[in-house]
Amino acid sequence: MESEDICRRLLSHIQSYKKSTILLEEFVDFMSGHAVNYPTFAEAILQLEEMQILVGVKAHGRNGKHPALAYQYKIRRQFMRQGHLQRIQQHSAQFHPSMNLDWYYAQSEEAWNKDLPYIERIHHFLVEHGLPISEVPAPERSYQLTGDEKWITDGGGKVVLDRLGLWNKMLIIPVSDPVMWSRRV
């Protein structure tokens, strides 16, 4: 296993880790099921140090191996978000100007990754067709945007369009459930 793969696995572990410090031993335990030699493992940890995601706690010292690693690390979560924020900025520059990605800057990377496929589809629709000039029912607009008639009403599409500042611009006519009206009669 290469150090970049190990680095990604460790980063994933750090993201799910709740405490602000982590022992080197916990990283070793986490990687115990994988065939990893010490130099490759150490290189991955040192990459995380260079990225300033991990900072060795000096009071706990470093192991005597070469290269030496700290026995305990402080996790600096703000540096983990840098890559996430840069990806949003890159997409923001490439996406249709009507799309506002500001909401995603304050959210987790998981929220961004979950919505990104839909955001990309909306972008392609806007590039190809521009902002709509006529109102259409929600299932029709939903199908135009994602290929799924129920995405807006049942798949969280309204929420995504709200987050992007596009809900009012997409000229969507809400569609009532006919069964709902039959119950009242």
# chains A, B, ... in the order shown; residues from 1 in each chain; ligands from 1
$ residues_around --residues "Asn168 of chain A" --least-positions-apart "2" --cutoff "12 Å" --atoms "only C-alpha atoms" --output "VMD selection string"
chain A and resid 98 131 to 135 158 to 159 161 to 166 170 to 174
$ closest_atom_pairs --of "segment 43-149 of chain A" --to "segment 23-35 of chain A" --cutoff "8 Å" --atoms "only C-alpha atoms" --output "tab-separated table"
residue	atom	partner	partner_atom	distance
A:Leu69	CA	A:Leu24	CA	7.8
A:Ala70	CA	A:Leu24	CA	6.8
A:Tyr71	CA	A:Leu24	CA	5.1
A:Gln72	CA	A:Leu23	CA	4.3
A:Tyr73	CA	A:Leu23	CA	6.2
$ select_by_dssp --residues "segment 47-146 of chain A" --states "strand (DSSP E)" --output "list in words"
Leu54, Val55, Gly56, Gln72, Tyr73, Lys74, Ile75, Val136 and Pro137 of chain A
$ closest_residue --among "A:Cys7, A:Ile75, A:Phe125, A:Gly83" --to "Val55 of chain A" --atoms "only C-alpha atoms"
A:Ile75
$ select_by_dssp --residues "segment 2-184 of chain A" --states "helix (DSSP H, G or I)" --output "MDAnalysis selection string"
chainID A and resid 3:16 24:30 38:50 58:60 77:94 102:105 109:129 138:146 151:154 157:163 168:170 178:184
$ residues_around --residues "Ile14 of chain A" --least-positions-apart "6" --cutoff "10 Å" --atoms "only C-alpha atoms" --output "list in words"
Arg8, Ser20, Thr21, Ile22, Phe27, Ile53, Leu54, Ile75, Arg76, Arg77 and Met80 of chain A
$ residues_around --residues "Phe41 of chain A" --least-positions-apart "5" --cutoff "10 Å" --atoms "only C-alpha atoms" --output "JSON, numbers by chain"
{"A": [1, 2, 3, 4, 5, 6, 7, 10, 27, 28, 31, 36, 46, 47]}
$ atom_distance --atom1 "atom CA of Asp154 of chain A" --atom2 "atom CA of Val136 of chain A"
17.0 Å
$ residues_around --residues "Ile88 of chain A" --least-positions-apart "2" --cutoff "8 Å" --atoms "only C-alpha atoms" --output "ChimeraX atom specification"
/A:84-86,90-92,101,104-105
$ residues_around --residues "His66 of chain A" --least-positions-apart "2" --cutoff "8 Å" --atoms "only C-alpha atoms" --output "list in words"
Pro39, Gly64 and Ala68 of chain A
$ closest_residue --among "A:Arg9, A:Asn113, A:Ile119, A:Ala106" --to "Gln78 of chain A" --atoms "only C-alpha atoms"
A:Ala106
$ closest_residue --among "A:Trp151, A:Thr40, A:Lys169, A:Leu145" --to "His123 of chain A" --atoms "only C-alpha atoms"
A:Leu145
